[in-house]
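Dumped my_file.cif below, it's mmCIF, C-alpha atoms and all ligand atoms:
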```cif
data_protein
#
loop_
_atom_site.label_atom_id
_atom_site.label_comp_id
_atom_site.auth_asym_id
_atom_site.auth_seq_id
_atom_site.Cartn_x
_atom_site.Cartn_y
_atom_site.Cartn_z
CA ASN A 1 -173.38 61.38 -113.71
CA THR A 2 -177.13 61.40 -113.32
CA PRO A 3 -178.91 61.53 -116.71
CA LEU A 4 -180.72 64.77 -117.57
CA ALA A 5 -184.19 63.23 -117.31
CA GLU A 6 -183.49 62.40 -113.66
CA ALA A 7 -181.32 65.39 -112.75
CA ASP A 8 -183.71 67.96 -114.22
CA PRO A 9 -186.98 66.55 -115.54
CA GLU A 10 -188.34 70.06 -116.24
CA VAL A 11 -185.57 70.93 -118.68
CA ALA A 12 -185.57 67.39 -120.12
CA GLN A 13 -189.26 67.72 -120.87
CA ILE A 14 -188.90 71.10 -122.56
CA ILE A 15 -186.19 69.61 -124.79
CA GLU A 16 -188.42 66.64 -125.65
CA HIS A 17 -191.29 68.97 -126.53
CA GLU A 18 -189.03 71.09 -128.73
CA LYS A 19 -187.71 67.97 -130.46
CA TYR A 20 -191.27 66.85 -131.13
CA ARG A 21 -192.20 70.32 -132.43
CA GLN A 22 -189.23 70.35 -134.81
CA PHE A 23 -190.20 67.03 -136.33
CA ALA A 24 -193.99 67.39 -136.24
CA GLU A 25 -194.05 70.74 -138.05
CA LEU A 26 -193.11 71.68 -141.57
CA GLU A 27 -189.87 73.60 -140.96
CA LEU A 28 -189.43 76.23 -143.66
CA ILE A 29 -187.28 78.83 -141.89
CA ALA A 30 -184.50 79.57 -144.37
CA SER A 31 -181.79 80.02 -141.72
CA GLU A 32 -182.45 76.70 -139.99
CA ASN A 33 -181.46 73.11 -140.59
CA PHE A 34 -181.39 69.76 -138.82
CA THR A 35 -177.83 68.97 -137.87
CA SER A 36 -176.67 65.36 -137.53
CA GLN A 37 -176.56 63.16 -134.45
CA ALA A 38 -172.75 63.14 -134.75
CA VAL A 39 -172.58 66.96 -134.66
CA MET A 40 -174.88 67.07 -131.65
CA GLU A 41 -172.79 64.48 -129.81
CA ALA A 42 -169.63 66.49 -130.38
CA ASN A 43 -171.43 69.66 -129.32
CA GLY A 44 -172.62 68.06 -126.09
CA SER A 45 -169.24 66.55 -125.21
CA ALA A 46 -166.68 66.96 -122.40
CA LEU A 47 -164.94 69.62 -124.51
CA THR A 48 -167.37 72.13 -123.04
CA ASN A 49 -165.37 71.95 -119.79
CA LYS A 50 -162.12 73.28 -121.24
CA TYR A 51 -160.68 76.83 -121.35
CA SER A 52 -158.22 77.51 -124.16
CA GLU A 53 -157.84 81.25 -124.84
CA GLY A 54 -155.37 81.79 -127.66
CA LEU A 55 -154.58 79.73 -130.73
CA PRO A 56 -153.23 76.16 -131.18
CA GLY A 57 -149.70 76.03 -129.76
CA ALA A 58 -150.06 79.45 -128.08
CA ARG A 59 -152.64 79.22 -125.31
CA TYR A 60 -153.12 81.10 -122.07
CA TYR A 61 -154.08 77.89 -120.23
CA GLY A 62 -152.50 74.47 -119.74
CA GLY A 63 -153.98 71.13 -120.73
CA ASN A 64 -154.69 71.95 -124.36
CA GLU A 65 -152.96 69.04 -126.13
CA TYR A 66 -156.22 67.59 -127.50
CA VAL A 67 -157.94 70.92 -127.97
CA ASP A 68 -154.99 72.02 -130.14
CA GLN A 69 -155.35 68.86 -132.25
CA LEU A 70 -159.06 69.52 -132.58
CA GLU A 71 -158.75 73.18 -133.60
CA ARG A 72 -156.07 72.39 -136.20
CA LEU A 73 -158.21 69.58 -137.61
CA CYS A 74 -161.19 71.93 -137.81
CA GLN A 75 -159.09 74.55 -139.64
CA GLU A 76 -157.83 71.95 -142.15
CA ARG A 77 -161.34 70.70 -142.77
CA ALA A 78 -162.69 74.24 -143.23
CA LEU A 79 -160.14 74.89 -145.98
CA ALA A 80 -160.75 71.46 -147.55
CA ALA A 81 -164.55 71.91 -147.56
CA PHE A 82 -164.21 75.09 -149.64
CA LYS A 83 -161.32 73.73 -151.79
CA LEU A 84 -158.86 76.35 -150.51
CA SER A 85 -155.09 76.09 -150.34
CA ASP A 86 -153.44 76.94 -147.02
CA LYS A 87 -150.95 79.04 -149.02
CA GLU A 88 -153.71 81.46 -150.05
CA TRP A 89 -156.25 81.23 -147.23
CA GLY A 90 -156.39 80.76 -143.49
CA VAL A 91 -159.36 80.46 -141.17
CA ASN A 92 -160.31 81.32 -137.61
CA VAL A 93 -162.81 78.74 -136.31
CA GLN A 94 -163.47 80.36 -132.91
CA PRO A 95 -166.35 82.84 -133.52
CA TYR A 96 -169.33 82.02 -131.31
CA SER A 97 -171.82 82.97 -134.00
CA GLY A 98 -172.26 84.72 -137.34
CA SER A 99 -172.82 88.08 -135.66
CA THR A 100 -169.65 87.91 -133.59
CA ALA A 101 -167.73 86.67 -136.64
CA ASN A 102 -168.91 89.73 -138.55
CA PHE A 103 -168.10 92.18 -135.79
CA ALA A 104 -164.65 90.64 -135.37
CA ALA A 105 -164.11 90.96 -139.13
CA LEU A 106 -165.10 94.65 -139.02
CA THR A 107 -162.77 95.14 -136.04
CA ALA A 108 -159.96 93.54 -138.03
CA LEU A 109 -160.49 95.63 -141.17
CA LEU A 110 -161.64 99.04 -139.98
CA LYS A 111 -160.92 101.79 -137.49
CA PRO A 112 -163.82 103.31 -135.50
CA PHE A 113 -166.02 105.51 -137.76
CA ASP A 114 -164.55 104.12 -140.98
CA ARG A 115 -167.09 103.75 -143.80
CA LEU A 116 -168.80 100.53 -144.88
CA MET A 117 -171.52 99.60 -147.36
CA GLY A 118 -173.68 96.50 -146.97
CA LEU A 119 -177.05 95.37 -148.32
CA ASP A 120 -179.87 97.13 -146.46
CA LEU A 121 -181.93 94.96 -144.11
CA PRO A 122 -185.26 95.60 -145.90
CA SER A 123 -183.48 94.56 -149.12
CA GLY A 124 -182.42 91.23 -147.56
CA GLY A 125 -179.16 92.21 -145.81
CA HIS A 126 -178.26 91.26 -142.25
CA LEU A 127 -178.28 93.53 -139.18
CA THR A 128 -174.51 93.18 -138.84
CA HIS A 129 -173.89 94.66 -142.32
CA GLY A 130 -174.37 98.22 -141.05
CA TYR A 131 -178.11 98.30 -140.37
CA GLN A 132 -179.65 101.62 -139.39
CA THR A 133 -182.99 103.30 -140.00
CA ASP A 134 -183.63 106.96 -140.84
CA LYS A 135 -184.11 107.57 -137.13
CA LYS A 136 -181.71 105.22 -135.39
CA LYS A 137 -178.45 103.35 -135.64
CA ILE A 138 -179.55 99.83 -134.77
CA SER A 139 -176.54 97.54 -135.10
CA SER A 140 -173.09 97.97 -133.55
CA SER A 141 -171.91 97.83 -137.18
CA SER A 142 -173.61 101.21 -137.74
CA ILE A 143 -172.99 102.59 -134.23
CA TYR A 144 -169.21 102.16 -134.33
CA PHE A 145 -168.75 102.57 -138.08
CA GLN A 146 -170.38 104.83 -140.66
CA SER A 147 -172.78 102.93 -142.84
CA MET A 148 -174.38 103.66 -146.19
CA PRO A 149 -176.51 100.72 -147.29
CA TYR A 150 -177.14 99.69 -150.89
CA ARG A 151 -180.43 98.20 -152.03
CA VAL A 152 -182.22 95.95 -154.48
CA ASP A 153 -184.04 97.47 -157.43
CA MET A 154 -187.66 97.86 -156.31
CA GLU A 155 -189.02 96.54 -159.63
CA THR A 156 -186.79 93.54 -160.17
CA GLY A 157 -185.72 92.60 -156.65
CA ILE A 158 -182.15 92.25 -157.95
CA ILE A 159 -179.27 94.22 -156.40
CA ASP A 160 -178.95 97.59 -158.05
CA TYR A 161 -175.22 97.40 -158.77
CA ASP A 162 -175.28 100.62 -160.84
CA ARG A 163 -176.72 102.63 -157.96
CA LEU A 164 -174.28 100.98 -155.58
CA GLU A 165 -171.41 102.07 -157.81
CA GLU A 166 -172.72 105.64 -157.98
CA ASN A 167 -173.22 105.87 -154.22
CA ALA A 168 -169.81 104.38 -153.56
CA GLN A 169 -168.33 107.33 -155.56
CA LEU A 170 -169.92 109.69 -153.03
CA PHE A 171 -169.38 107.68 -149.86
CA ARG A 172 -165.92 106.23 -150.66
CA PRO A 173 -166.29 103.10 -148.49
CA GLN A 174 -163.31 101.40 -146.90
CA LEU A 175 -165.26 98.15 -146.83
CA LEU A 176 -167.87 96.66 -149.12
CA ILE A 177 -169.93 93.76 -147.78
CA CYS A 178 -171.74 91.24 -149.94
CA GLY A 179 -173.94 88.42 -148.69
CA ALA A 180 -177.47 88.42 -147.31
CA SER A 181 -180.11 86.82 -145.13
CA ALA A 182 -182.94 87.05 -147.59
CA TYR A 183 -181.76 87.31 -151.17
CA PRO A 184 -182.83 84.59 -153.58
CA ARG A 185 -180.19 85.26 -156.25
CA ASP A 186 -176.47 84.58 -156.63
CA TRP A 187 -173.98 87.46 -156.41
CA ASP A 188 -171.91 89.29 -159.01
CA TYR A 189 -168.69 89.12 -156.98
CA GLU A 190 -166.59 90.34 -159.89
CA ARG A 191 -168.62 93.54 -160.12
CA MET A 192 -168.43 94.01 -156.34
CA ARG A 193 -164.63 93.55 -156.50
CA LYS A 194 -164.35 96.24 -159.18
CA ILE A 195 -166.42 98.67 -157.13
CA ALA A 196 -164.30 97.93 -154.04
CA ASP A 197 -161.09 98.37 -156.03
CA ASN A 198 -162.23 101.81 -157.25
CA HIS A 199 -161.93 102.95 -153.63
CA SER A 200 -159.11 100.64 -152.47
CA ALA A 201 -161.73 99.09 -150.20
CA TYR A 202 -161.80 95.61 -148.74
CA LEU A 203 -164.40 93.18 -150.04
CA LEU A 204 -166.02 90.93 -147.45
CA CYS A 205 -168.56 88.25 -148.23
CA ASP A 206 -170.85 86.97 -145.48
CA MET A 207 -171.93 83.71 -147.12
CA ALA A 208 -173.83 82.53 -143.99
CA HIS A 209 -176.97 81.49 -145.81
CA ILE A 210 -175.41 79.85 -148.82
CA SER A 211 -172.18 78.37 -147.43
CA GLY A 212 -173.42 74.77 -147.77
CA LEU A 213 -174.29 75.47 -151.41
CA VAL A 214 -170.90 77.12 -151.99
CA ALA A 215 -169.10 74.10 -150.47
CA ALA A 216 -171.04 71.85 -152.83
CA GLY A 217 -170.30 74.03 -155.88
CA GLU A 218 -174.00 74.97 -156.18
CA GLN A 219 -173.38 78.74 -155.92
CA GLU A 220 -170.55 80.91 -157.15
CA SER A 221 -167.59 80.84 -154.79
CA PRO A 222 -166.86 84.23 -153.18
CA PHE A 223 -163.27 83.16 -152.44
CA LYS A 224 -162.05 84.13 -155.91
CA PHE A 225 -162.79 87.82 -155.35
CA CYS A 226 -162.99 88.55 -151.62
CA ASP A 227 -160.42 89.45 -148.96
CA ILE A 228 -162.45 88.03 -146.09
CA VAL A 229 -165.27 85.50 -146.10
CA THR A 230 -167.42 84.95 -143.01
CA THR A 231 -170.12 82.37 -142.46
CA THR A 232 -172.37 80.85 -139.90
CA THR A 233 -172.07 77.08 -139.66
CA HIS A 234 -175.68 76.16 -138.91
CA LYS A 235 -177.65 77.12 -142.00
CA THR A 236 -177.14 75.29 -145.32
CA LEU A 237 -173.77 74.05 -143.99
CA ARG A 238 -175.77 72.01 -141.41
CA GLY A 239 -173.38 72.27 -138.46
CA PRO A 240 -173.70 73.59 -134.90
CA ARG A 241 -174.47 77.26 -134.15
CA ALA A 242 -171.23 79.16 -134.68
CA GLY A 243 -169.20 81.21 -137.16
CA LEU A 244 -166.02 81.08 -139.23
CA ILE A 245 -163.79 83.82 -140.63
CA PHE A 246 -161.63 83.04 -143.67
CA TYR A 247 -158.85 85.51 -144.48
CA ARG A 248 -156.70 85.83 -147.58
CA LYS A 249 -152.94 85.40 -147.27
CA ARG A 250 -150.58 87.29 -149.54
CA GLU A 251 -147.11 86.19 -150.50
CA GLY A 252 -144.33 88.20 -148.87
CA GLU A 253 -146.73 90.18 -146.65
CA ASP A 254 -145.61 91.68 -143.35
CA LYS A 255 -146.89 89.08 -140.86
CA LYS A 256 -147.80 91.70 -138.24
CA GLU A 257 -149.95 93.66 -140.71
CA SER A 258 -151.45 90.57 -142.38
CA LEU A 259 -155.17 89.84 -142.39
CA GLU A 260 -154.29 86.66 -140.52
CA ALA A 261 -152.80 88.58 -137.59
CA ARG A 262 -155.58 91.18 -137.62
CA VAL A 263 -158.42 88.64 -137.75
CA ASN A 264 -156.93 86.44 -135.03
CA GLN A 265 -156.34 89.45 -132.77
CA ALA A 266 -159.86 90.75 -133.45
CA VAL A 267 -161.50 87.44 -132.49
CA PHE A 268 -159.38 87.09 -129.35
CA PRO A 269 -158.77 89.21 -127.34
CA SER A 270 -160.69 92.10 -129.00
CA CYS A 271 -164.16 90.60 -129.31
CA GLN A 272 -164.25 87.22 -127.59
CA GLY A 273 -162.79 85.21 -124.71
CA GLY A 274 -162.19 81.47 -124.61
CA PRO A 275 -163.28 79.44 -127.63
CA HIS A 276 -166.19 77.01 -127.26
CA ASN A 277 -164.28 73.81 -127.97
CA ASN A 278 -167.36 71.62 -127.97
CA THR A 279 -168.78 73.75 -130.78
CA ILE A 280 -165.48 73.65 -132.67
CA ALA A 281 -165.71 69.83 -132.51
CA GLY A 282 -169.24 70.04 -133.94
CA ILE A 283 -168.02 72.33 -136.74
CA ALA A 284 -165.19 69.88 -137.55
CA VAL A 285 -167.69 67.02 -137.86
CA ALA A 286 -170.04 69.09 -140.05
CA LEU A 287 -167.18 70.16 -142.33
CA LYS A 288 -166.14 66.53 -142.84
CA GLN A 289 -169.73 65.72 -143.77
CA ALA A 290 -169.91 68.72 -146.10
CA ASN A 291 -166.94 67.44 -148.06
CA THR A 292 -168.68 64.31 -149.35
CA PRO A 293 -170.62 63.34 -152.51
CA GLU A 294 -173.71 62.84 -150.30
CA PHE A 295 -173.56 66.48 -149.25
CA VAL A 296 -173.20 67.60 -152.88
CA ALA A 297 -176.34 65.58 -153.69
CA TYR A 298 -178.07 67.23 -150.71
CA ALA A 299 -177.19 70.74 -151.92
CA LYS A 300 -178.42 69.95 -155.45
CA GLN A 301 -181.67 68.65 -153.97
CA VAL A 302 -182.06 71.84 -151.88
CA ARG A 303 -181.98 73.88 -155.08
CA ALA A 304 -184.23 71.50 -157.00
CA ASN A 305 -186.75 71.63 -154.16
CA THR A 306 -186.69 75.45 -154.13
CA GLN A 307 -187.35 75.43 -157.87
CA ALA A 308 -190.27 73.03 -157.43
CA LEU A 309 -191.84 75.19 -154.72
CA ALA A 310 -191.26 78.42 -156.66
CA LYS A 311 -192.83 76.90 -159.77
CA ARG A 312 -195.88 75.73 -157.85
CA LEU A 313 -196.43 79.13 -156.21
CA THR A 314 -195.92 81.13 -159.39
CA GLY A 315 -198.24 78.60 -161.08
CA TYR A 316 -200.99 79.84 -158.77
CA GLY A 317 -200.17 83.37 -159.94
CA TYR A 318 -198.31 84.51 -156.81
CA ARG A 319 -195.48 87.03 -156.99
CA LEU A 320 -191.98 86.10 -155.83
CA SER A 321 -189.28 88.72 -155.31
CA SER A 322 -186.90 88.66 -158.29
CA GLY A 323 -189.31 86.27 -160.02
CA GLY A 324 -187.82 83.10 -158.55
CA SER A 325 -184.70 81.75 -156.88
CA GLU A 326 -181.22 80.47 -157.55
CA ASN A 327 -180.52 79.20 -154.06
CA HIS A 328 -182.31 77.69 -151.05
CA LEU A 329 -184.93 80.37 -150.42
CA ILE A 330 -187.78 82.29 -151.92
CA LEU A 331 -189.34 85.59 -150.91
CA TRP A 332 -193.08 85.54 -151.39
CA ASP A 333 -194.62 88.99 -151.89
CA LEU A 334 -198.06 89.01 -150.23
CA LYS A 335 -198.83 92.68 -150.83
CA PRO A 336 -200.89 92.03 -154.00
CA LEU A 337 -203.20 89.82 -151.86
CA GLY A 338 -203.72 92.54 -149.26
CA LEU A 339 -202.07 90.36 -146.61
CA THR A 340 -198.97 91.00 -144.51
CA GLY A 341 -196.02 88.76 -143.66
CA SER A 342 -196.98 88.88 -139.96
CA LYS A 343 -200.47 87.53 -140.63
CA ILE A 344 -199.26 84.67 -142.80
CA GLU A 345 -196.47 83.79 -140.36
CA LYS A 346 -199.05 83.53 -137.56
CA ILE A 347 -201.62 81.61 -139.54
CA CYS A 348 -198.94 79.19 -140.78
CA GLU A 349 -197.98 78.64 -137.14
CA LEU A 350 -201.59 77.69 -136.40
CA VAL A 351 -201.43 74.98 -139.07
CA ASN A 352 -197.95 73.78 -138.01
CA ILE A 353 -195.96 75.34 -140.84
CA THR A 354 -192.97 77.32 -139.56
CA LEU A 355 -191.67 80.20 -141.66
CA ASN A 356 -190.94 83.87 -141.05
CA LYS A 357 -192.25 87.24 -142.11
CA ASN A 358 -189.78 89.13 -144.24
CA SER A 359 -189.52 92.39 -146.10
CA VAL A 360 -189.83 92.05 -149.84
CA CYS A 361 -188.96 94.58 -152.51
CA GLY A 362 -191.28 97.56 -152.46
CA ASP A 363 -191.69 97.49 -148.66
CA LYS A 364 -191.35 100.85 -146.99
CA SER A 365 -189.90 99.49 -143.73
CA ALA A 366 -188.66 96.28 -142.12
CA VAL A 367 -191.19 96.72 -139.28
CA THR A 368 -194.24 95.81 -141.38
CA PRO A 369 -192.91 93.24 -143.83
CA GLY A 370 -195.00 92.58 -146.89
CA GLY A 371 -193.99 89.00 -147.42
CA VAL A 372 -192.57 85.77 -146.06
CA ARG A 373 -189.24 84.00 -146.50
CA ILE A 374 -189.37 80.29 -147.22
CA GLY A 375 -186.33 78.01 -147.16
CA THR A 376 -185.92 74.40 -148.24
CA ALA A 377 -182.67 73.38 -146.49
CA ALA A 378 -184.19 71.86 -143.33
CA LEU A 379 -186.87 69.71 -144.92
CA THR A 380 -184.44 68.57 -147.61
CA SER A 381 -182.29 67.22 -144.74
CA ARG A 382 -185.34 65.17 -143.78
CA GLY A 383 -185.48 63.64 -147.26
CA PHE A 384 -188.15 65.83 -148.88
CA LYS A 385 -188.05 65.82 -152.69
CA GLU A 386 -189.64 67.94 -155.44
CA ALA A 387 -193.07 66.27 -155.16
CA ASP A 388 -193.13 66.95 -151.42
CA PHE A 389 -192.38 70.62 -152.03
CA GLU A 390 -195.12 70.82 -154.65
CA ARG A 391 -197.49 69.55 -151.98
CA ILE A 392 -196.13 72.18 -149.57
CA GLY A 393 -196.87 74.77 -152.28
CA GLU A 394 -200.48 73.53 -152.34
CA LEU A 395 -200.78 73.72 -148.55
CA LEU A 396 -199.36 77.26 -148.54
CA HIS A 397 -201.79 78.24 -151.30
CA ARG A 398 -204.72 76.99 -149.22
CA THR A 399 -203.38 78.72 -146.12
CA VAL A 400 -203.29 82.00 -148.01
CA GLU A 401 -206.78 81.45 -149.48
CA ILE A 402 -208.20 80.80 -146.01
CA SER A 403 -206.31 83.84 -144.68
CA SER A 404 -207.96 86.04 -147.31
CA GLU A 405 -211.39 84.74 -146.29
CA VAL A 406 -210.63 85.28 -142.58
CA GLN A 407 -209.44 88.79 -143.39
CA LYS A 408 -212.71 89.60 -145.15
CA GLU A 409 -214.87 88.11 -142.40
CA CYS A 410 -212.94 89.73 -139.56
CA GLY A 411 -213.02 93.20 -141.08
CA SER A 412 -210.35 94.50 -138.67
CA LYS A 413 -206.83 95.41 -139.72
CA LEU A 414 -205.36 94.45 -136.33
CA LEU A 415 -203.16 91.36 -136.14
CA LYS A 416 -204.68 90.19 -132.86
CA ASP A 417 -208.25 90.33 -134.26
CA PHE A 418 -207.11 88.48 -137.35
CA ILE A 419 -205.46 85.71 -135.28
CA ALA A 420 -208.51 85.39 -133.04
CA ALA A 421 -210.77 85.05 -136.10
CA ALA A 422 -208.38 82.53 -137.70
CA ALA A 423 -208.20 80.42 -134.56
CA LYS A 424 -212.00 80.04 -134.66
CA SER A 425 -212.10 79.11 -138.35
CA GLY A 426 -213.05 75.47 -138.97
CA LYS A 427 -211.00 75.48 -142.17
CA ILE A 428 -207.82 76.14 -140.23
CA ALA A 429 -208.49 73.08 -138.07
CA VAL A 430 -208.95 70.93 -141.19
CA LEU A 431 -205.73 72.21 -142.72
CA GLN A 432 -203.85 71.70 -139.47
CA LYS A 433 -204.79 68.00 -139.53
CA GLU A 434 -203.58 67.62 -143.13
CA VAL A 435 -200.20 69.22 -142.40
N1 LIG A 501 -175.02 86.78 -141.34
C1 LIG A 501 -176.10 86.43 -142.02
C2 LIG A 501 -176.13 86.67 -143.51
C3 LIG A 501 -177.20 85.87 -141.38
O1 LIG A 501 -178.30 85.57 -142.07
C4 LIG A 501 -177.14 85.67 -139.98
C5 LIG A 501 -178.24 85.06 -139.21
O2 LIG A 501 -179.30 84.81 -139.60
C6 LIG A 501 -175.98 86.06 -139.30
C7 LIG A 501 -174.94 86.61 -140.01
C8 LIG A 501 -175.89 85.98 -137.80
O3 LIG A 501 -175.70 84.72 -137.33
P1 LIG A 501 -175.91 84.37 -135.78
O4 LIG A 501 -177.37 84.34 -135.57
O5 LIG A 501 -175.23 83.05 -135.67
O6 LIG A 501 -175.23 85.42 -134.97
#
```
Translate the structure described by the file into structure tokens.
Ligand code: PLP
Amino acid sequence: NTPLAEADPEVAQIIEHEKYRQFAELELIASENFTSQAVMEANGSALTNKYSEGLPGARYYGGNEYVDQLERLCQERALAAFKLSDKEWGVNVQPYSGSTANFAALTALLKPFDRLMGLDLPSGGHLTHGYQTDKKKISSSSIYFQSMPYRVDMETGIIDYDRLEENAQLFRPQLLICGASAYPRDWDYERMRKIADNHSAYLLCDMAHISGLVAAGEQESPFKFCDIVTTTTHKTLRGPRAGLIFYRKREGEDKKESLEARVNQAVFPSCQGGPHNNTIAGIAVALKQANTPEFVAYAKQVRANTQALAKRLTGYGYRLSSGGSENHLILWDLKPLGLTGSKIEKICELVNITLNKNSVCGDKSAVTPGGVRIGTAALTSRGFKEADFERIGELLHRTVEISSEVQKECGSKLLKDFIAAAAKSGKIAVLQKEV
């Protein structure tokens, strides 16, 4: 039982450095958060030693008395956090991540080469929602199934539901996916349900990004309209890195054909092996925390902070996709400034602001994104309020101003020349100190 620092000082030091980096920098990546000490303790516990293929009460290994208790508790808490009755909904808490949760859900709902429609990646969708380019099928969700993506309107940045409805008439999907990685607006689930019903298709919501806000009642709940709801547990929900799959139960259904049976079979044995019980413990802790008034206050603050940042940036005259935000993230369109998302991501890194390049509406491809995605969930966990986010808006404004100057001086279009010129700029050093 030698402590890590003694057993492996190299790894211990890397972890310390990463911890310092996380707290020294301004963390604005929309998919990240700072989970609690309690979640991390559960995640680093003795539960990591245990194999438990199967479900509570029906395992392929012995010694699962406590693991069964844990998994049942996690399931109960997952339903409670989203105010669901166990008569209408069930949940599988074993997915290792959001991507595996999604692939298991597709495996449960579709046969190979069935047709699905999800939001296109350059429009803010996730890889696992059927992503492919004109030249290549990128994700297993487009390799093993046929995919026809829908998109946002290039002018407004809002999902073009009319076009989606028209294309669905041609493509006749068996599955419609809502949910996104970079979409600043809430969803019209009722409209999506109607479109799905026109084709007797399933409706799946991947609420990964917004699940903490949904739990707190700060975004529409997809549970009213969807058959399956998947989520990651580590974004706004603030748990460990993992996934959940909720499935609808129907009265009088044939148990063997039920979504419950199909989802459970798809997770194990179709897509995964033994569950990561340490992670399930971390999820259980996070779900308990998410079902408290403090968490509701947190989620409200996340949205208020996003509003404050959006207002400050639009106050400087900058363009945000869809004109603003209703959730925890904004998409900042840098094309009017002649800058790219890659350049601003890199220059932000130089001044200790962490965010990521992202496609914004009007981009031709996801490879050269014209903007950046900025999220408020992580810094809100560290107690940042509206005034702090206004200050972040100011710092971002100055970063962009300096970037424009560097761009002019450097004269080259290449990212590496731009970064080299930025690294030499005295203004960057000054800004770095302020951050
Ligand atoms: N679904 C959405 C909407 C996401 O944004 C992400 C990750 O960013 C995922 C799924 C995949 O989650 P993971 O990285 O845990 O596989």
**Nearest residue to ligand LIG 501 (chain A) from the set A:Glu41, A:Glu25, A:Glu32, A:Glu257 (distances using all atoms listed in the file)** =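 Closest to ligand LIG 501 (chain A) of all the choices is A:Glu32.
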**Message:** Just want the 10 Å neighbourhood of A:Asn49, counted on all atoms listed in the file, with same-chain residues fewer than 2 positions away dropped. Output as a PyMOL selection string.
**Reply:** chain A and resi 45-47+51+276-278
**Request:** Mind giving me the straight-line distance from atom CA of A:Val93 to atom CA of A:Asn356 in Å, one decimal?
**Result:** 29.0 Å
**Asked** A:Glu390: which residues within 10 Å, counting all atoms listed in the file, same-chain residues fewer than 4 positions away excluded, as JSON, numbers by chain?
**Response** {"A": [305, 306, 307, 308, 309, 310, 311, 312, 313, 385, 386, 394, 395, 396]}
**Asked** What is the atom CA of A:Leu110-atom CA of A:Phe145 distance in Å, reported with one decimal?
**Response**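 Between atom CA of A:Leu110 and atom CA of A:Phe145 the gap is 8.2 Å.
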List every residue of chain A that has an atom at most 7 Å from any atom of ligand LIG 501 (chain A), giving for each one its closest atom pair and the distance in Å to one decimal, counting all atoms listed in the file, sorted by chain and then by ascending residue number, as JSON lines.
```
{"residue": "A:Ser31", "atom": "CA", "partner": "A:LIG501", "partner_atom": "O2", "distance": 5.8}
{"residue": "A:Ser97", "atom": "CA", "partner": "A:LIG501", "partner_atom": "O5", "distance": 3.8}
{"residue": "A:Gly98", "atom": "CA", "partner": "A:LIG501", "partner_atom": "O3", "distance": 3.4}
{"residue": "A:Ser99", "atom": "CA", "partner": "A:LIG501", "partner_atom": "O6", "distance": 3.7}
{"residue": "A:Thr100", "atom": "CA", "partner": "A:LIG501", "partner_atom": "O6", "distance": 6.3}
{"residue": "A:Asn102", "atom": "CA", "partner": "A:LIG501", "partner_atom": "C7", "distance": 6.9}
{"residue": "A:Gly125", "atom": "CA", "partner": "A:LIG501", "partner_atom": "C2", "distance": 6.7}
{"residue": "A:His126", "atom": "CA", "partner": "A:LIG501", "partner_atom": "C2", "distance": 5.2}
{"residue": "A:Thr128", "atom": "CA", "partner": "A:LIG501", "partner_atom": "C7", "distance": 6.7}
{"residue": "A:Gly179", "atom": "CA", "partner": "A:LIG501", "partner_atom": "C2", "distance": 5.9}
{"residue": "A:Ala180", "atom": "CA", "partner": "A:LIG501", "partner_atom": "C2", "distance": 4.4}
{"residue": "A:Ser181", "atom": "CA", "partner": "A:LIG501", "partner_atom": "O1", "distance": 3.8}
{"residue": "A:Asp206", "atom": "CA", "partner": "A:LIG501", "partner_atom": "C2", "distance": 5.6}
{"residue": "A:Met207", "atom": "CA", "partner": "A:LIG501", "partner_atom": "C2", "distance": 6.3}
{"residue": "A:Ala208", "atom": "CA", "partner": "A:LIG501", "partner_atom": "C2", "distance": 4.8}
{"residue": "A:His209", "atom": "CA", "partner": "A:LIG501", "partner_atom": "O1", "distance": 5.7}
{"residue": "A:Thr231", "atom": "CA", "partner": "A:LIG501", "partner_atom": "N1", "distance": 6.7}
{"residue": "A:Thr232", "atom": "CA", "partner": "A:LIG501", "partner_atom": "O5", "distance": 5.6}
{"residue": "A:Arg241", "atom": "CA", "partner": "A:LIG501", "partner_atom": "O5", "distance": 6.0}
{"residue": "A:Ala242", "atom": "CA", "partner": "A:LIG501", "partner_atom": "O5", "distance": 5.7}
{"residue": "A:Gly243", "atom": "CA", "partner": "A:LIG501", "partner_atom": "O5", "distance": 6.5}
```
**Prompt:** Which one is closest to A:Asn264: A:Glu53, A:Asp227, A:Asp134, A:Asp153? Count only C-alpha atoms.
**Reply:** A:Glu53
**Prompt:** Between A:Tyr189, A:Val400, A:Ser365, A:Gln69, which has the minimum distance to A:Lys135 (counting all atoms listed in the file)?
**Reply:**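 Answer, going by the shortest atom-to-atom distance: A:Ser365.
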**Message:** Residues proximal to (-169.3, 107.9, -152.4) were defined as those with any atom within 12 Å of that point in the file's coordinates, counting only C-alpha atoms. Which are they, as number ranges by chain?
**Reply:** A: 115-117, 147-150, 163-176, 195-196, 198-199, 201
